[in-house]
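Asks: Pasting run_9.cif below, which is mmCIF, C-alpha atoms.
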data_protein
#
loop_
_atom_site.label_atom_id
_atom_site.label_comp_id
_atom_site.auth_asym_id
_atom_site.auth_seq_id
_atom_site.Cartn_x
_atom_site.Cartn_y
_atom_site.Cartn_z
CA MET J 40 0.00 0.00 0.00
CA ARG J 41 2.83 2.34 0.87
CA TYR J 42 4.38 1.61 -2.56
CA LEU J 43 1.13 2.60 -4.33
CA LYS J 44 0.89 5.80 -2.29
CA THR J 45 4.45 6.77 -3.22
CA LEU J 46 3.88 5.88 -6.87
CA PHE J 47 0.64 7.92 -6.98
CA LEU J 48 2.28 10.96 -5.36
CA SER J 49 5.23 10.70 -7.76
CA PHE J 50 2.92 10.67 -10.79
CA LEU J 51 0.91 13.54 -9.35
CA PHE J 52 4.01 15.62 -8.63
CA LEU J 53 5.71 14.92 -11.97
CA GLY J 54 2.48 15.33 -13.92
CA CYS J 55 1.86 18.79 -12.47
CA GLN J 56 5.26 20.14 -13.46
CA LYS J 57 5.07 22.90 -16.04
CA SER J 58 6.85 21.95 -19.24
CA THR J 59 9.67 24.37 -20.03
CA LYS J 60 10.61 22.71 -23.30
CA GLU J 61 10.87 25.36 -25.99
CA HIS J 62 10.49 24.95 -29.73
CA ILE J 63 13.64 23.67 -31.44
CA ALA J 64 13.71 26.72 -33.76
CA ILE J 65 13.98 29.25 -30.94
CA GLY J 66 17.38 30.87 -31.43
CA THR J 67 19.53 32.49 -34.11
CA TRP J 68 19.90 30.93 -37.57
CA ASN J 69 21.41 31.67 -40.98
CA ARG J 70 21.48 30.28 -44.50
CA CYS J 71 22.77 30.85 -48.00
CA ASN J 72 20.13 30.75 -50.73
CA LYS J 73 20.66 29.15 -54.12
CA ASP J 74 20.80 32.64 -55.68
CA GLY J 75 23.79 33.61 -53.50
CA SER J 76 21.82 35.74 -51.04
CA TYR J 77 22.57 35.46 -47.33
CA TRP J 78 19.80 35.38 -44.68
CA GLU J 79 19.75 35.58 -40.88
CA TYR J 80 16.86 34.80 -38.55
CA LYS J 81 16.26 35.43 -34.86
CA ILE J 82 13.29 33.39 -33.68
CA THR J 83 11.76 33.93 -30.25
CA GLU J 84 8.43 32.95 -28.69
CA GLN J 85 7.08 36.43 -29.61
CA TYR J 86 8.69 37.43 -32.91
CA MET J 87 10.84 36.45 -35.88
CA LEU J 88 13.46 38.94 -37.05
CA MET J 89 14.86 38.47 -40.58
CA LEU J 90 17.69 40.11 -42.50
CA THR J 91 18.84 39.44 -46.05
CA THR J 92 21.43 40.78 -48.47
CA LYS J 93 18.51 41.35 -50.87
CA SER J 94 17.28 44.27 -48.75
CA ASP J 95 18.56 46.96 -46.39
CA GLU J 96 15.51 46.49 -44.18
CA ILE J 97 15.05 44.53 -40.98
CA TRP J 98 11.86 42.46 -41.23
CA LEU J 99 9.95 41.73 -38.06
CA PHE J 100 6.95 39.41 -37.77
CA ARG J 101 4.85 38.22 -34.88
CA ASN J 102 5.48 34.60 -33.90
CA LYS J 103 3.38 32.17 -31.93
CA VAL J 104 4.63 28.68 -31.11
CA VAL J 105 2.00 25.95 -31.33
CA ASP J 106 3.33 22.42 -30.75
CA SER J 107 5.93 21.82 -33.50
CA THR J 108 4.84 24.81 -35.60
CA LEU J 109 5.55 28.52 -35.77
CA VAL J 110 2.62 30.73 -36.74
CA LEU J 111 3.84 33.99 -38.32
CA SER J 112 1.64 37.05 -38.60
CA GLU J 113 2.05 40.73 -39.31
CA PHE J 114 2.52 43.48 -36.77
CA LYS J 115 0.22 46.44 -37.21
CA LYS J 116 1.97 48.83 -39.67
CA GLY J 117 4.69 46.20 -40.13
CA VAL J 118 6.05 44.34 -43.12
CA GLY J 119 3.38 42.35 -44.93
CA LEU J 120 3.48 38.61 -45.44
CA PHE J 121 2.28 36.94 -48.64
CA ILE J 122 -0.40 35.47 -46.45
CA ASN J 123 -1.04 36.50 -42.87
CA ASN J 124 -0.73 33.63 -40.40
CA ASP J 125 1.70 31.58 -42.48
CA THR J 126 2.61 28.45 -40.58
CA LEU J 127 6.09 26.93 -40.52
CA VAL J 128 6.12 23.25 -39.61
CA THR J 129 9.26 21.54 -38.30
CA VAL J 130 10.12 18.83 -40.84
CA LYS J 131 13.60 17.77 -39.75
CA GLN J 132 16.03 18.75 -37.04
CA THR J 133 19.54 18.04 -35.89
CA LYS J 134 21.73 19.77 -33.32
CA ASN J 135 22.92 22.41 -35.82
CA LYS J 136 20.23 22.42 -38.53
CA ILE J 137 16.48 22.66 -38.82
CA VAL J 138 14.16 22.35 -41.80
CA LEU J 139 10.89 24.27 -41.68
CA LYS J 140 8.13 23.92 -44.28
CA SER J 141 5.71 26.73 -45.10
CA THR J 142 2.11 25.53 -45.30
CA TYR J 143 1.40 28.39 -47.73
CA THR J 144 4.20 28.01 -50.31
CA TRP J 145 5.21 24.42 -49.41
CA ASP J 146 8.84 25.58 -49.60
CA ASN J 147 11.39 23.99 -47.29
CA ILE J 148 13.58 26.43 -45.40
CA GLU J 149 16.82 24.85 -44.21
CA LEU J 150 18.44 26.87 -41.43
CA ASN J 151 21.89 26.50 -39.86
CA LYS J 152 22.47 27.25 -36.18
CA ALA J 153 24.34 30.55 -35.94
CA GLY J 154 27.31 31.14 -33.66
CA PHE J 155 26.20 34.67 -32.76
CA ASP J 156 23.15 36.47 -31.40
CA PHE J 157 21.58 39.85 -32.06
CA ASP J 158 21.56 42.57 -29.46
CA PRO J 159 18.11 42.98 -27.89
CA ILE J 160 15.90 45.47 -29.77
CA ASP J 161 16.46 48.90 -28.23
CA SER J 162 13.16 50.72 -28.68
CA THR J 163 14.50 53.84 -26.94
CA ASN J 164 17.32 54.22 -29.48
CA LEU J 165 15.90 52.30 -32.45
CA GLU J 166 17.90 53.97 -35.25
CA SER J 167 21.21 53.31 -33.50
CA TRP J 168 20.20 49.66 -32.91
CA LYS J 169 19.17 49.26 -36.58
CA ASN J 170 22.43 50.75 -37.86
CA LYS J 171 24.57 48.56 -35.58
CA THR J 172 22.54 45.43 -36.42
CA LEU J 173 22.76 46.06 -40.19
CA THR J 174 26.51 46.79 -40.02
CA GLU J 175 27.20 43.57 -38.10
CA PHE J 176 24.91 41.64 -40.48
CA ASN J 177 26.72 42.97 -43.57
CA ASN J 178 30.08 41.95 -42.08
CA ARG J 179 28.81 38.41 -41.42
CA ALA J 180 27.27 38.25 -44.92
CA LYS J 181 30.64 39.11 -46.51
CA SER J 182 32.42 36.44 -44.51
CA ALA J 183 29.72 33.85 -45.34
CA ASN J 184 30.66 34.24 -49.02
CA CYS J 185 27.41 32.78 -50.40
CA ILE J 186 27.71 31.94 -54.07
CA ASP J 187 25.05 31.82 -56.78
CA ILE J 188 24.64 28.15 -57.72
CA ARG J 189 21.71 28.58 -60.13
CA THR J 190 22.01 27.35 -63.70
CA GLU J 191 22.10 29.92 -66.50
CA LYS J 192 18.53 28.96 -67.36
CA GLU J 193 17.39 29.56 -63.75
CA LYS J 194 19.01 33.02 -63.78
CA ILE J 195 16.82 34.20 -66.68
CA ILE J 196 13.87 36.15 -65.36
CA PRO J 197 11.09 36.45 -67.93
CA LYS J 198 9.93 39.99 -68.70
CA LEU J 199 6.44 41.10 -69.54
CA TYR J 200 6.20 44.22 -71.69
CA LEU J 201 2.80 45.74 -71.01
CA ASP J 202 3.27 48.53 -73.59
CA ALA J 203 3.36 45.95 -76.38
CA LEU J 204 -0.07 44.57 -75.48
CA GLU J 205 -2.94 45.84 -77.57
CA GLU J 206 -6.02 47.02 -75.81
CA GLU J 207 -8.92 44.73 -76.45
CA GLU J 208 -12.42 46.09 -76.57
CA ILE J 209 -14.82 43.98 -74.58
CA LYS J 210 -18.47 44.19 -75.57
CA ILE J 211 -20.92 43.90 -72.71
CA ASP J 212 -24.43 42.81 -73.55
CA SER J 213 -27.17 44.48 -71.59
CA ILE J 214 -28.90 42.34 -69.04
CA GLN J 215 -32.57 41.63 -69.75
CA LYS J 216 -35.03 41.51 -66.89
#
Have the structure of the file written as structure tokens, please.
Replies:
Amino acid sequence: MRYLKTLFLSFLFLGCQKSTKEHIAIGTWNRCNKDGSYWEYKITEQYMLMLTTKSDEIWLFRNKVVDSTLVLSEFKKGVGLFINNDTLVTVKQTKNKIVLKSTYTWDNIELNKAGFDFDPIDSTNLESWKNKTLTEFNNRAKSANCIDIRTEKEKIIPKLYLDALEEEEIKIDSIQK
């Protein structure tokens, strides 16, 4: 009987412990894209910060962790997403890599664990924080030396010349009652 009491109390005690396990993607990540661009990500329970060599902007999105997924949404007056509430599902993980899949584009995003961290966002001196963050990012991007590995065919971006299109007259029949 004493054994059952101890076992019951152990289950009760251990079962009531709050889980402190955080999502595997929480942290700082980087990657080189196929087009030679360099990206960095800071993922927290509240937000995802992104930088890329394709832009001089710092992108910030809301983040909510739900089980093995990250739900991204826009901040009011923030950068827009292709679709608000895009969900990134953890597909694969190792100690130094993670693969996330977008449920909107179905693209896989392979991220490498970064050996650095960003300074906390300084809302009282935001411009100074942005300048310092972008300078440090650009230095890391140069040292990453990401190369463009696309084929010549993949590098060709089709162009659409709207001036060459002829205007077409569309006849609308009146609607009879």
Asks: Calculate how many Å separate CA of Leu99 in chain J from CA of Ser112 in chain J, rounding to one decimal.
Replies: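 It comes out at 9.6 Å.
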Asks: Provide the CA of Leu139 in chain J to CA of Thr91 in chain J distance in Å, to one decimal place.
Replies: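 That distance, rounded to one decimal, is 17.7 Å.
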Asks: For Ile97 in chain J, which residue out of J:Leu165, J:Ile65, J:Ile214, J:Ala183 is the nearest one, using only C-alpha atoms?
Replies: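 Among the listed residues, J:Leu165 lies closest to Ile97 in chain J.
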Asks: Using Å and a single decimal, report how far CA of Phe100 in chain J sits from CA of Tyr80 in chain J.
Replies: 11.0 Å
Asks: Kindly resolve the PyMOL selection byres ((chain J and resi 83) around 10) on the present coordinates and return the residues as a list of chain:residue names.
Replies: J:Glu61, J:His62, J:Ala64, J:Ile65, J:Gly66, J:Thr67, J:Tyr80, J:Lys81, J:Ile82, J:Glu84, J:Gln85, J:Tyr86, J:Met87, J:Leu88, J:Arg101, J:Asn102, J:Lys103, J:Val104, J:Leu109
Asks: The PyMOL selection byres ((chain J and resi 134) around 10) - which residues does that actually catch in the file I just gave you? List them as a ChimeraX atom specification.
Replies: /J:63,132-133,135-137,151-152
Asks: Starting from the PyMOL selection byres ((chain J and resi 172) around 12), expand the selection into actual residues of this file and give them as a PyMOL selection string.
Replies: chain J and resi 79+81+88-91+95-97+155-161+165-171+173-179
Asks: Could you check the closest approach to Ser107 in chain J for each of J:Trp68, J:Asp212, J:Lys93, J:Val138 and tell me which residue wins, using all atoms listed in the file?
Replies: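 Comparing J:Trp68, J:Asp212, J:Lys93, J:Val138 against Ser107 in chain J, the winner is J:Val138.
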Asks: For Gly75 in chain J, which residue out of J:Thr144, J:Asn164, J:Thr126, J:Asn184 is the nearest one, using all atoms listed in the file?
Replies: J:Asn184
Asks: Point out the residue among J:Ile211, J:Val110, J:Leu201, J:Ala180 with the least atom-to-atom distance to Tyr143 in chain J, counting all atoms listed in the file.
Replies: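 Smallest distance to Tyr143 in chain J is found for J:Val110.
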Asks: Between J:Lys140, J:Glu149, J:Arg70, J:Ser76, which one has atoms that come closest to Arg189 in chain J, using all atoms listed in the file?
Replies: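 The shortest atom-to-atom distance to Arg189 in chain J comes from J:Ser76.
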